[in-house]
file start_5.cif (mmCIF, C-alpha atoms and all ligand atoms)
data_work
#
loop_
_atom_site.label_atom_id
_atom_site.label_comp_id
_atom_site.auth_asym_id
_atom_site.auth_seq_id
_atom_site.Cartn_x
_atom_site.Cartn_y
_atom_site.Cartn_z
CA MET S 1 34.30 37.44 -46.84
CA ASN S 2 31.44 36.41 -44.60
CA GLU S 3 32.23 34.67 -41.32
CA PRO S 4 34.74 32.02 -42.43
CA LEU S 5 34.32 29.76 -39.40
CA VAL S 6 31.89 26.88 -39.91
CA ALA S 7 28.55 27.40 -38.18
CA ARG S 8 28.95 24.50 -35.77
CA MET S 9 32.09 26.05 -34.27
CA ARG S 10 30.88 29.66 -34.01
CA GLU S 11 29.90 29.48 -30.37
CA PHE S 12 33.54 28.66 -29.58
CA GLY S 13 35.63 31.79 -29.93
CA THR S 14 38.98 31.99 -28.18
CA THR S 15 39.13 29.59 -25.24
CA ILE S 16 38.59 31.26 -21.91
CA PHE S 17 42.07 30.11 -20.84
CA ALA S 18 43.75 31.96 -23.69
CA GLU S 19 41.65 35.05 -23.00
CA MET S 20 42.35 35.10 -19.26
CA THR S 21 46.04 34.23 -19.63
CA GLY S 22 46.32 37.09 -22.16
CA LEU S 23 44.66 39.40 -19.64
CA ALA S 24 47.10 38.30 -16.92
CA VAL S 25 50.10 38.96 -19.16
CA ARG S 26 48.82 42.37 -20.32
CA THR S 27 48.01 43.57 -16.80
CA GLY S 28 50.92 41.92 -14.98
CA SER S 29 48.41 40.08 -12.78
CA ILE S 30 48.93 36.83 -10.93
CA ASN S 31 47.42 34.13 -13.11
CA LEU S 32 45.27 31.76 -11.07
CA GLY S 33 43.15 31.25 -14.17
CA GLN S 34 44.77 28.57 -16.29
CA GLY S 35 45.61 25.32 -14.50
CA PHE S 36 49.26 24.75 -15.18
CA PRO S 37 51.91 24.19 -12.50
CA ASP S 38 54.74 26.71 -12.15
CA THR S 39 57.28 24.09 -11.13
CA ASP S 40 58.78 21.26 -13.20
CA GLY S 41 58.08 17.55 -13.16
CA PRO S 42 60.60 15.01 -11.77
CA ALA S 43 64.14 15.87 -12.89
CA ALA S 44 65.05 12.31 -13.93
CA MET S 45 61.97 12.20 -16.16
CA LEU S 46 62.98 15.46 -17.87
CA GLU S 47 66.45 13.99 -18.31
CA ARG S 48 64.96 10.94 -20.06
CA ALA S 49 63.33 13.16 -22.66
CA VAL S 50 66.59 15.05 -23.25
CA GLU S 51 68.51 11.78 -23.60
CA ALA S 52 65.91 10.47 -26.05
CA ILE S 53 66.29 13.55 -28.25
CA ARG S 54 70.09 13.37 -28.11
CA GLY S 55 69.89 9.64 -28.77
CA GLY S 56 68.05 10.26 -32.05
CA LEU S 57 64.45 9.41 -31.18
CA ASN S 58 63.29 12.23 -33.44
CA GLN S 59 61.18 10.58 -36.15
CA TYR S 60 57.57 9.39 -36.14
CA PRO S 61 56.87 7.03 -33.28
CA PRO S 62 54.47 4.12 -34.11
CA GLY S 63 50.78 5.11 -34.56
CA PRO S 64 49.52 3.43 -31.37
CA GLY S 65 52.45 4.86 -29.37
CA LEU S 66 55.84 3.44 -28.39
CA PRO S 67 55.54 -0.15 -27.05
CA GLU S 68 57.54 0.94 -24.00
CA LEU S 69 54.87 3.44 -22.96
CA ARG S 70 51.93 1.18 -23.78
CA GLN S 71 53.53 -1.53 -21.64
CA ALA S 72 54.12 0.89 -18.75
CA VAL S 73 50.51 2.12 -18.98
CA ALA S 74 49.16 -1.45 -18.90
CA GLU S 75 51.32 -2.31 -15.87
CA HIS S 76 50.24 0.85 -14.09
CA ARG S 77 46.51 0.11 -14.69
CA LYS S 78 47.00 -3.40 -13.35
CA GLN S 79 48.97 -2.43 -10.26
CA HIS S 80 46.84 0.54 -9.27
CA TYR S 81 43.38 -0.47 -10.29
CA GLY S 82 43.49 -4.20 -11.00
CA LEU S 83 42.43 -3.40 -14.56
CA VAL S 84 43.97 -5.58 -17.26
CA TYR S 85 44.55 -4.01 -20.68
CA ASP S 86 46.55 -5.56 -23.49
CA PRO S 87 49.31 -3.11 -24.39
CA ASP S 88 48.91 -4.29 -28.00
CA GLY S 89 45.42 -3.22 -28.99
CA GLU S 90 43.87 -1.91 -25.79
CA VAL S 91 46.17 1.05 -25.13
CA LEU S 92 46.56 4.03 -27.45
CA VAL S 93 48.93 6.96 -26.89
CA THR S 94 47.45 10.36 -27.82
CA VAL S 95 48.46 14.01 -28.01
CA GLY S 96 47.28 14.75 -24.50
CA ALA S 97 43.87 13.95 -23.08
CA THR S 98 42.48 16.62 -25.38
CA GLU S 99 43.15 14.58 -28.51
CA ALA S 100 41.93 11.43 -26.79
CA LEU S 101 38.63 13.16 -25.94
CA ALA S 102 38.16 14.63 -29.41
CA ALA S 103 39.09 11.42 -31.24
CA SER S 104 36.76 9.41 -28.98
CA VAL S 105 33.75 11.63 -29.62
CA LEU S 106 34.50 11.89 -33.36
CA ALA S 107 34.97 8.13 -33.63
CA LEU S 108 31.99 7.02 -31.57
CA CYS S 109 29.22 9.59 -32.17
CA GLU S 110 27.23 10.06 -35.37
CA PRO S 111 25.81 13.48 -36.26
CA GLY S 112 22.63 13.92 -34.24
CA ASP S 113 23.66 11.48 -31.52
CA GLU S 114 23.32 12.86 -28.02
CA VAL S 115 26.14 12.99 -25.49
CA ILE S 116 25.53 13.56 -21.78
CA VAL S 117 27.98 15.90 -20.07
CA PHE S 118 28.09 17.04 -16.47
CA GLU S 119 28.11 20.82 -16.39
CA PRO S 120 30.24 22.73 -15.60
CA TYR S 121 32.34 20.75 -18.11
CA TYR S 122 35.90 21.03 -19.39
CA ASP S 123 35.60 23.31 -22.40
CA SER S 124 36.97 20.92 -24.99
CA TYR S 125 34.04 18.52 -24.43
CA ALA S 126 31.53 20.91 -25.95
CA ALA S 127 33.81 21.66 -28.89
CA ALA S 128 34.47 17.95 -29.60
CA ILE S 129 30.74 17.21 -29.52
CA ALA S 130 30.07 20.12 -31.88
CA LEU S 131 32.82 18.99 -34.28
CA ALA S 132 31.17 15.58 -34.43
CA GLY S 133 27.80 17.19 -35.18
CA ALA S 134 26.50 15.52 -32.03
CA VAL S 135 24.27 17.19 -29.43
CA ARG S 136 25.19 17.74 -25.81
CA ARG S 137 22.74 17.05 -23.01
CA PRO S 138 23.94 18.70 -19.80
CA VAL S 139 23.34 17.35 -16.32
CA THR S 140 24.16 19.98 -13.72
CA LEU S 141 26.49 19.50 -10.79
CA ARG S 142 25.16 21.61 -7.92
CA PRO S 143 26.63 22.39 -4.52
CA VAL S 144 25.33 20.26 -1.67
CA GLY S 145 27.19 21.43 1.42
CA GLU S 146 30.87 21.75 0.53
CA ARG S 147 30.85 19.63 -2.63
CA PHE S 148 29.13 19.51 -6.01
CA THR S 149 27.04 16.55 -7.06
CA PHE S 150 24.23 15.63 -9.46
CA ASP S 151 20.58 14.72 -8.99
CA PRO S 152 20.09 11.08 -10.10
CA ALA S 153 16.66 11.96 -11.50
CA GLU S 154 18.20 14.66 -13.67
CA LEU S 155 20.74 12.16 -15.01
CA ARG S 156 18.01 9.67 -15.86
CA ALA S 157 15.89 12.35 -17.48
CA ALA S 158 18.79 13.37 -19.73
CA VAL S 159 18.87 9.98 -21.45
CA GLY S 160 16.80 9.58 -24.60
CA PRO S 161 16.60 7.30 -27.63
CA ARG S 162 19.46 9.13 -29.38
CA THR S 163 21.85 9.10 -26.41
CA ARG S 164 25.10 7.44 -27.42
CA ALA S 165 27.65 8.36 -24.80
CA ILE S 166 28.26 10.01 -21.46
CA MET S 167 31.38 12.02 -20.69
CA VAL S 168 32.48 11.61 -17.09
CA ASN S 169 35.29 13.55 -15.46
CA SER S 170 36.38 12.50 -11.98
CA PRO S 171 38.26 14.07 -10.24
CA HIS S 172 36.25 16.89 -11.77
CA ASN S 173 37.53 20.13 -13.21
CA PRO S 174 36.32 22.76 -12.28
CA THR S 175 34.39 21.71 -9.13
CA GLY S 176 37.01 19.46 -7.51
CA THR S 177 34.41 16.73 -6.94
CA VAL S 178 35.69 13.16 -6.84
CA PHE S 179 32.72 10.91 -7.58
CA THR S 180 31.91 8.40 -4.85
CA ARG S 181 31.26 4.75 -5.52
CA ASP S 182 27.53 5.44 -5.17
CA GLU S 183 27.62 8.22 -7.75
CA LEU S 184 29.64 6.09 -10.15
CA SER S 185 27.26 3.17 -9.61
CA LEU S 186 24.34 5.36 -10.70
CA ILE S 187 26.24 6.40 -13.81
CA ALA S 188 27.18 2.76 -14.49
CA ALA S 189 23.56 1.65 -14.12
CA VAL S 190 22.37 4.29 -16.59
CA CYS S 191 25.11 3.27 -19.07
CA GLN S 192 24.14 -0.37 -18.88
CA GLU S 193 20.37 0.18 -19.00
CA HIS S 194 20.68 2.32 -22.12
CA ASP S 195 23.75 0.73 -23.71
CA LEU S 196 25.84 3.92 -23.53
CA ILE S 197 29.57 4.31 -23.99
CA ALA S 198 31.33 6.10 -21.13
CA ILE S 199 34.16 8.45 -22.05
CA SER S 200 35.97 8.79 -18.74
CA ASP S 201 38.42 11.67 -18.34
CA GLU S 202 40.68 10.78 -15.41
CA VAL S 203 43.54 13.21 -15.90
CA TYR S 204 43.54 14.05 -12.17
CA GLU S 205 43.47 10.38 -11.13
CA HIS S 206 46.48 10.79 -8.79
CA LEU S 207 45.63 14.25 -7.48
CA THR S 208 43.07 13.56 -4.74
CA PHE S 209 43.23 14.84 -1.15
CA ASP S 210 42.29 13.93 2.41
CA GLY S 211 42.54 10.22 1.67
CA VAL S 212 39.70 10.42 -0.88
CA GLU S 213 40.15 7.56 -3.33
CA HIS S 214 39.84 7.90 -7.10
CA ILE S 215 37.71 5.06 -8.44
CA PRO S 216 38.06 4.48 -12.18
CA LEU S 217 34.64 4.01 -13.79
CA ALA S 218 35.96 0.96 -15.66
CA THR S 219 36.46 -0.89 -12.35
CA LEU S 220 32.69 -0.98 -11.70
CA PRO S 221 30.93 -4.20 -12.66
CA GLY S 222 30.01 -4.29 -16.35
CA MET S 223 31.83 -1.05 -17.15
CA ARG S 224 35.24 -2.07 -18.49
CA GLU S 225 33.65 -3.25 -21.74
CA ARG S 226 31.98 0.11 -22.41
CA THR S 227 34.44 2.63 -20.97
CA VAL S 228 37.07 4.66 -22.78
CA MET S 229 39.46 5.57 -19.97
CA ILE S 230 41.60 8.65 -20.59
CA SER S 231 44.72 9.79 -18.71
CA SER S 232 47.51 12.30 -19.26
CA ALA S 233 51.12 12.73 -18.22
CA GLY S 234 50.52 16.49 -18.21
CA LYS S 235 48.64 16.66 -14.91
CA THR S 236 50.18 13.58 -13.27
CA PHE S 237 53.80 14.66 -13.78
CA SER S 238 53.43 18.46 -14.05
CA VAL S 239 54.35 18.61 -17.74
CA THR S 240 51.20 20.09 -19.27
CA GLY S 241 53.20 21.27 -22.29
CA TRP S 242 54.15 17.73 -23.25
CA LYS S 243 50.61 16.87 -24.35
CA THR S 244 51.09 13.16 -23.89
CA GLY S 245 48.05 11.13 -22.93
CA TRP S 246 46.60 7.65 -23.36
CA VAL S 247 43.39 5.79 -23.87
CA CYS S 248 42.65 2.37 -22.36
CA ALA S 249 39.59 0.49 -23.61
CA PRO S 250 38.52 -2.77 -25.20
CA ALA S 251 40.14 -3.38 -28.60
CA ASP S 252 37.09 -2.47 -30.70
CA LEU S 253 36.78 0.92 -29.00
CA VAL S 254 40.52 1.62 -29.16
CA SER S 255 40.57 0.66 -32.81
CA ALA S 256 37.69 3.09 -33.53
CA VAL S 257 39.42 5.91 -31.65
CA GLN S 258 42.69 5.19 -33.43
CA SER S 259 40.96 5.35 -36.83
CA VAL S 260 40.20 9.01 -36.15
CA LYS S 261 43.34 9.83 -34.17
CA GLN S 262 45.61 8.75 -37.04
CA PHE S 263 44.19 11.55 -39.19
CA LEU S 264 44.22 14.20 -36.51
CA THR S 265 47.92 13.92 -35.68
CA PHE S 266 48.96 10.38 -36.70
CA THR S 267 51.50 10.34 -33.90
CA ALA S 268 53.62 12.67 -31.79
CA GLY S 269 56.18 13.15 -29.07
CA GLY S 270 58.52 10.11 -29.05
CA PRO S 271 60.83 11.66 -26.45
CA TRP S 272 57.91 12.51 -24.15
CA GLN S 273 56.59 8.98 -24.51
CA VAL S 274 59.89 7.47 -23.38
CA ALA S 275 60.01 9.85 -20.44
CA ALA S 276 56.37 9.18 -19.46
CA ALA S 277 57.02 5.42 -19.54
CA TYR S 278 59.95 5.91 -17.18
CA ALA S 279 57.89 8.14 -14.88
CA LEU S 280 54.95 5.71 -14.67
CA ARG S 281 57.39 3.06 -13.46
CA GLU S 282 59.71 5.09 -11.25
CA GLU S 283 58.18 8.40 -10.21
CA LEU S 284 54.89 7.60 -8.49
CA GLY S 285 56.57 8.54 -5.21
CA TRP S 286 57.18 11.97 -6.69
CA VAL S 287 53.50 12.12 -7.63
CA ALA S 288 52.47 11.24 -4.06
CA ALA S 289 54.60 14.15 -2.81
CA LEU S 290 53.00 16.41 -5.44
CA ARG S 291 49.58 15.37 -4.18
CA ASP S 292 50.48 16.23 -0.58
CA SER S 293 51.94 19.54 -1.60
CA LEU S 294 48.82 20.36 -3.65
CA ALA S 295 46.59 19.53 -0.66
CA ALA S 296 48.54 22.07 1.41
CA LYS S 297 48.27 24.65 -1.38
CA ARG S 298 44.55 24.03 -1.58
CA ASP S 299 44.23 24.76 2.15
CA ARG S 300 46.36 27.89 1.79
CA LEU S 301 44.27 29.26 -1.05
CA MET S 302 40.93 28.25 0.52
CA ALA S 303 41.81 30.04 3.76
CA GLY S 304 42.84 33.15 1.84
CA LEU S 305 39.74 33.18 -0.33
CA SER S 306 37.46 32.75 2.70
CA ALA S 307 39.25 35.55 4.51
CA ALA S 308 38.81 37.74 1.42
CA GLY S 309 35.06 37.14 1.61
CA PHE S 310 34.42 34.52 -1.06
CA GLY S 311 32.14 31.56 -0.47
CA VAL S 312 34.51 28.61 -0.85
CA TYR S 313 33.87 24.96 -1.78
CA ARG S 314 36.29 22.27 -0.72
CA PRO S 315 37.77 20.32 -3.65
CA ALA S 316 38.67 16.66 -2.98
CA GLY S 317 40.96 16.64 -6.00
CA THR S 318 42.35 18.56 -9.03
CA TYR S 319 44.11 21.93 -9.17
CA PHE S 320 41.06 24.12 -8.53
CA VAL S 321 38.95 25.83 -5.89
CA GLN S 322 35.44 26.86 -6.81
CA THR S 323 34.13 30.03 -5.19
CA ASP S 324 30.85 31.89 -4.84
CA ILE S 325 31.26 35.63 -5.41
CA ARG S 326 27.88 36.71 -4.02
CA PRO S 327 29.06 37.19 -0.41
CA LEU S 328 31.36 39.91 -1.81
CA GLY S 329 28.43 41.69 -3.38
CA PHE S 330 29.06 40.58 -6.96
CA THR S 331 26.65 38.57 -9.09
CA ASP S 332 28.32 38.01 -12.44
CA GLY S 333 31.57 36.01 -12.50
CA ALA S 334 32.39 36.97 -16.11
CA GLU S 335 32.18 40.65 -15.25
CA LEU S 336 34.23 40.17 -12.07
CA ALA S 337 36.86 38.08 -13.89
CA ARG S 338 37.39 40.90 -16.39
CA ARG S 339 37.62 43.49 -13.60
CA LEU S 340 39.70 41.41 -11.18
CA PRO S 341 43.10 42.45 -12.65
CA GLU S 342 42.25 46.11 -12.04
CA LEU S 343 40.56 45.50 -8.67
CA ALA S 344 43.12 43.08 -7.24
CA GLY S 345 45.84 42.19 -9.77
CA VAL S 346 44.68 38.59 -9.96
CA VAL S 347 43.20 36.55 -12.80
CA ALA S 348 40.62 33.78 -12.31
CA VAL S 349 38.24 31.96 -14.63
CA PRO S 350 34.46 32.59 -14.67
CA THR S 351 32.92 29.14 -14.23
CA GLN S 352 29.80 30.11 -16.18
CA VAL S 353 31.63 29.53 -19.47
CA PHE S 354 31.59 25.79 -18.66
CA TYR S 355 27.77 25.61 -18.57
CA ASP S 356 25.12 25.28 -21.26
CA ARG S 357 22.80 27.06 -18.86
CA THR S 358 25.12 29.95 -18.08
CA GLU S 359 22.79 31.33 -15.42
CA LEU S 360 23.39 28.26 -13.23
CA GLY S 361 27.08 29.14 -12.97
CA ARG S 362 26.90 32.91 -13.11
CA HIS S 363 28.11 33.50 -9.56
CA PHE S 364 31.07 31.10 -9.53
CA LEU S 365 34.74 31.89 -10.07
CA ARG S 366 37.46 29.23 -10.37
CA PHE S 367 40.94 29.71 -8.88
CA ALA S 368 43.93 27.42 -9.55
CA PHE S 369 46.26 26.51 -6.67
CA CYS S 370 48.94 24.56 -8.61
CA LYS S 371 51.30 27.49 -7.98
CA LYS S 372 54.26 28.28 -5.74
CA ASP S 373 53.32 29.10 -2.15
CA GLU S 374 54.66 32.64 -2.44
CA ILE S 375 52.47 33.22 -5.52
CA ILE S 376 49.39 31.95 -3.67
CA ASP S 377 50.25 34.14 -0.67
CA GLU S 378 50.69 37.23 -2.83
CA ALA S 379 47.41 36.51 -4.66
CA VAL S 380 45.62 36.08 -1.34
CA ALA S 381 47.08 39.34 0.01
CA ARG S 382 45.89 41.17 -3.09
CA LEU S 383 42.44 39.58 -2.96
CA ALA S 384 42.07 40.65 0.68
CA ARG S 385 41.95 44.23 -0.58
CA LEU S 386 38.96 43.26 -2.69
CA GLY S 387 37.00 42.53 0.47
CA GLU S 388 38.01 45.86 2.03
CA ARG S 389 37.04 47.72 -1.12
CA THR S 390 33.54 46.28 -1.27
CA ALA S 391 32.95 46.27 2.49
C1 LIG S 401 43.95 19.57 -18.45
C2 LIG S 401 42.73 18.77 -18.75
C3 LIG S 401 42.62 18.04 -19.95
C4 LIG S 401 43.64 18.15 -21.04
O1 LIG S 401 44.73 17.36 -20.86
P1 LIG S 401 45.97 17.43 -21.89
O2 LIG S 401 46.70 16.21 -21.61
O3 LIG S 401 46.71 18.69 -21.59
O4 LIG S 401 45.38 17.48 -23.27
C5 LIG S 401 41.51 17.25 -20.13
N1 LIG S 401 40.54 17.17 -19.20
C6 LIG S 401 40.60 17.89 -18.07
C7 LIG S 401 39.48 17.78 -17.09
C8 LIG S 401 41.68 18.72 -17.82
O5 LIG S 401 41.72 19.45 -16.69
#
call {"tool": "encode", "arguments": {"input": "start_5.cif", "output": "structure tokens"}}
result
Amino acid sequence: MNEPLVARMREFGTTIFAEMTGLAVRTGSINLGQGFPDTDGPAAMLERAVEAIRGGLNQYPPGPGLPELRQAVAEHRKQHYGLVYDPDGEVLVTVGATEALAASVLALCEPGDEVIVFEPYYDSYAAAIALAGAVRRPVTLRPVGERFTFDPAELRAAVGPRTRAIMVNSPHNPTGTVFTRDELSLIAAVCQEHDLIAISDEVYEHLTFDGVEHIPLATLPGMRERTVMISSAGKTFSVTGWKTGWVCAPADLVSAVQSVKQFLTFTAGGPWQVAAAYALREELGWVAALRDSLAAKRDRLMAGLSAAGFGVYRPAGTYFVQTDIRPLGFTDGAELARRLPELAGVVAVPTQVFYDRTELGRHFLRFAFCKKDEIIDEAVARLARLGERTA
């Protein structure tokens, strides 16, 4: 048989996370590649899921999600952001943010439509756009001092007559940038001038550091009506395996997304939905403690990476530190990522795989710090040898 995979998906082999996690397992390396926490979410939340299973909540939940979770999501949006969404019609529960992203792009973009993405981008964006037969138009985030940002002129130049949507991710994986009000205002202006839909991935909404505030794009004037806001219990409550997310948007957008979502998975995860509803109401204190602990882990890893000789950028949110490998004498992050298990017994992710223009990200490597302190310390000790070796 010739290549069985359809042409539009051929550029997407195995995801880099699967490849690097496989490498970590095979070599016994410390995995700072994939961003999943190595500690559990709040115990009472886990207990809720167990109780729900024992209590018989084991059949299909309703298509839009359990009313209990939709209600909790709407209350949370209102309390935290002053955003009002009707739990009946403006909130949709999805199989993680990943399904929400894919269903949004598939529902809202015709083949040939253009979608603006900030590169480096989360890998599922490119795949969702390709599945829809749409075309991605990258706008590059570049380091300015310690953080990554975009050039407003480059954003404006990326818009054309076929542009339909812009995918925004703040706090941003993998750079750790949390967009400022000024940056979001520029994005909002472009959306309104060109009548674009914003697909706003806010899975790290609670995980910002140093008092930096997460501003949902939908809170900017004129944006609620054109923004599909996406969140996930996975990152907020350290249960990435639960794959429980939600979309908040005006009813016509939610209805479009649901039209596609119902044929991707129909529905999933009743017990997780009950537990997420509980956690949104009762465990935000736990999340605040998680945020503080992540900030300390960030500092721990940043200090270690600097000492090992990496150029280090300071993330204002997320699970990740972005590094420049050139000070260590390397130029290609993909090559270094493949050699890192043998050189140092650590796995990281080459950021270049998140770019259309690979060369712009060639020298970056992404490390995750959502790990136990002793794991970070051991990784840092091992990476220190890397500096000695190349010195
Ligand atoms: C982890 C992550 C997702 C996926 O979230 P799930 O709820 O696990 O599907 C989406 N976007 C970004 C930026 C992420 O880091």
call {"tool": "closest_residue", "arguments": {"input": "start_5.cif", "among": "S:His194, S:Arg136, S:Arg338, S:Arg314", "to": "Val178 (chain S)", "atoms": "all atoms listed in the file"}}
result
S:Arg314
call {"tool": "closest_residue", "arguments": {"input": "start_5.cif", "among": "S:Arg385, S:Arg291, S:Lys261, S:Arg362", "to": "Ala103 (chain S)", "atoms": "all atoms listed in the file"}}
result
S:Lys261
call {"tool": "residues_near_point", "arguments": {"input": "start_5.cif", "point": "(46.4, 30.3, -9.5)", "cutoff": "7 Å", "atoms": "only C-alpha atoms", "output": "tab-separated table (two decimals) with C-alpha atoms, in the frame of the given file"}}
result
chain	number	residue	atom	x	y	z
S	31	ASN	CA	47.42	34.13	-13.11
S	32	LEU	CA	45.27	31.76	-11.07
S	33	GLY	CA	43.15	31.25	-14.17
S	367	PHE	CA	40.94	29.71	-8.88
S	368	ALA	CA	43.93	27.42	-9.55
S	369	PHE	CA	46.26	26.51	-6.67
S	370	CYS	CA	48.94	24.56	-8.61
S	371	LYS	CA	51.30	27.49	-7.98
S	376	ILE	CA	49.39	31.95	-3.67
call {"tool": "axis_aligned_box", "arguments": {"input": "start_5.cif", "around": "ligand LIG 401 (chain S)", "padding_each_side": "6 Å", "output": "AutoDock Vina command-line options"}}
result
--center_x 43.1 --center_y 17.9 --center_z -20.0 --size_x 19.2 --size_y 15.4 --size_z 18.6
call {"tool": "residues_near_ligand", "arguments": {"input": "start_5.cif", "ligand": "ligand LIG 401 (chain S)", "cutoff": "9 Å", "atoms": "only C-alpha atoms and all ligand atoms", "output": "PyMOL selection string"}}
result
chain S and resi 35-36+94-101+121-125+169-174+201-204+230-235+239-246+318-319
call {"tool": "write_last_selection", "arguments": {"input": "start_5.cif", "atoms": "C-alpha atoms", "output": "PDB file, keeping the file's coordinate frame"}}
result
ATOM      1  CA  GLY S  35      45.610  25.320 -14.500  1.00  0.00           C
ATOM      2  CA  PHE S  36      49.260  24.750 -15.180  1.00  0.00           C
ATOM      3  CA  THR S  94      47.450  10.360 -27.820  1.00  0.00           C
ATOM      4  CA  VAL S  95      48.460  14.010 -28.010  1.00  0.00           C
ATOM      5  CA  GLY S  96      47.280  14.750 -24.500  1.00  0.00           C
ATOM      6  CA  ALA S  97      43.870  13.950 -23.080  1.00  0.00           C
ATOM      7  CA  THR S  98      42.480  16.620 -25.380  1.00  0.00           C
ATOM      8  CA  GLU S  99      43.150  14.580 -28.510  1.00  0.00           C
ATOM      9  CA  ALA S 100      41.930  11.430 -26.790  1.00  0.00           C
ATOM     10  CA  LEU S 101      38.630  13.160 -25.940  1.00  0.00           C
ATOM     11  CA  TYR S 121      32.340  20.750 -18.110  1.00  0.00           C
ATOM     12  CA  TYR S 122      35.900  21.030 -19.390  1.00  0.00           C
ATOM     13  CA  ASP S 123      35.600  23.310 -22.400  1.00  0.00           C
ATOM     14  CA  SER S 124      36.970  20.920 -24.990  1.00  0.00           C
ATOM     15  CA  TYR S 125      34.040  18.520 -24.430  1.00  0.00           C
ATOM     16  CA  ASN S 169      35.290  13.550 -15.460  1.00  0.00           C
ATOM     17  CA  SER S 170      36.380  12.500 -11.980  1.00  0.00           C
ATOM     18  CA  PRO S 171      38.260  14.070 -10.240  1.00  0.00           C
ATOM     19  CA  HIS S 172      36.250  16.890 -11.770  1.00  0.00           C
ATOM     20  CA  ASN S 173      37.530  20.130 -13.210  1.00  0.00           C
ATOM     21  CA  PRO S 174      36.320  22.760 -12.280  1.00  0.00           C
ATOM     22  CA  ASP S 201      38.420  11.670 -18.340  1.00  0.00           C
ATOM     23  CA  GLU S 202      40.680  10.780 -15.410  1.00  0.00           C
ATOM     24  CA  VAL S 203      43.540  13.210 -15.900  1.00  0.00           C
ATOM     25  CA  TYR S 204      43.540  14.050 -12.170  1.00  0.00           C
ATOM     26  CA  ILE S 230      41.600   8.650 -20.590  1.00  0.00           C
ATOM     27  CA  SER S 231      44.720   9.790 -18.710  1.00  0.00           C
ATOM     28  CA  SER S 232      47.510  12.300 -19.260  1.00  0.00           C
ATOM     29  CA  ALA S 233      51.120  12.730 -18.220  1.00  0.00           C
ATOM     30  CA  GLY S 234      50.520  16.490 -18.210  1.00  0.00           C
ATOM     31  CA  LYS S 235      48.640  16.660 -14.910  1.00  0.00           C
ATOM     32  CA  VAL S 239      54.350  18.610 -17.740  1.00  0.00           C
ATOM     33  CA  THR S 240      51.200  20.090 -19.270  1.00  0.00           C
ATOM     34  CA  GLY S 241      53.200  21.270 -22.290  1.00  0.00           C
ATOM     35  CA  TRP S 242      54.150  17.730 -23.250  1.00  0.00           C
ATOM     36  CA  LYS S 243      50.610  16.870 -24.350  1.00  0.00           C
ATOM     37  CA  THR S 244      51.090  13.160 -23.890  1.00  0.00           C
ATOM     38  CA  GLY S 245      48.050  11.130 -22.930  1.00  0.00           C
ATOM     39  CA  TRP S 246      46.600   7.650 -23.360  1.00  0.00           C
ATOM     40  CA  THR S 318      42.350  18.560  -9.030  1.00  0.00           C
ATOM     41  CA  TYR S 319      44.110  21.930  -9.170  1.00  0.00           C
TER      42      TYR S 319
END
call {"tool": "atom_distance", "arguments": {"input": "start_5.cif", "atom1": "CA of Val257 (chain S)", "atom2": "CA of Thr177 (chain S)"}}
result
27.4 Å
call {"tool": "build_atoms", "arguments": {"input": "start_5.cif", "residues": "region 366-373 of chain S", "atoms": "N, CA, C and O atoms", "output": "short mmCIF file (atom, residue, chain, number, x, y, z; two decimals), in the frame of the given file"}}
result
data_model
loop_
_atom_site.label_atom_id
_atom_site.label_comp_id
_atom_site.auth_asym_id
_atom_site.auth_seq_id
_atom_site.Cartn_x
_atom_site.Cartn_y
_atom_site.Cartn_z
N ARG S 366 36.52 30.33 -10.62
CA ARG S 366 37.46 29.23 -10.37
C ARG S 366 38.88 29.77 -10.20
O ARG S 366 39.36 30.54 -11.03
N PHE S 367 39.54 29.33 -9.13
CA PHE S 367 40.94 29.71 -8.88
C PHE S 367 41.81 28.46 -8.90
O PHE S 367 41.44 27.44 -8.32
N ALA S 368 42.99 28.55 -9.52
CA ALA S 368 43.93 27.42 -9.55
C ALA S 368 44.94 27.57 -8.41
O ALA S 368 45.41 28.68 -8.14
N PHE S 369 45.27 26.45 -7.75
CA PHE S 369 46.26 26.51 -6.67
C PHE S 369 47.53 25.71 -6.97
O PHE S 369 48.35 25.48 -6.08
N CYS S 370 47.72 25.32 -8.24
CA CYS S 370 48.94 24.56 -8.61
C CYS S 370 50.09 25.53 -8.85
O CYS S 370 50.73 25.52 -9.89
N LYS S 371 50.31 26.41 -7.86
CA LYS S 371 51.30 27.49 -7.98
C LYS S 371 52.19 27.51 -6.75
O LYS S 371 51.80 27.00 -5.69
N LYS S 372 53.35 28.17 -6.88
CA LYS S 372 54.26 28.28 -5.74
C LYS S 372 53.57 28.95 -4.56
O LYS S 372 52.75 29.85 -4.75
N ASP S 373 53.96 28.54 -3.35
CA ASP S 373 53.32 29.10 -2.15
C ASP S 373 53.38 30.62 -2.12
O ASP S 373 52.41 31.29 -1.75
#
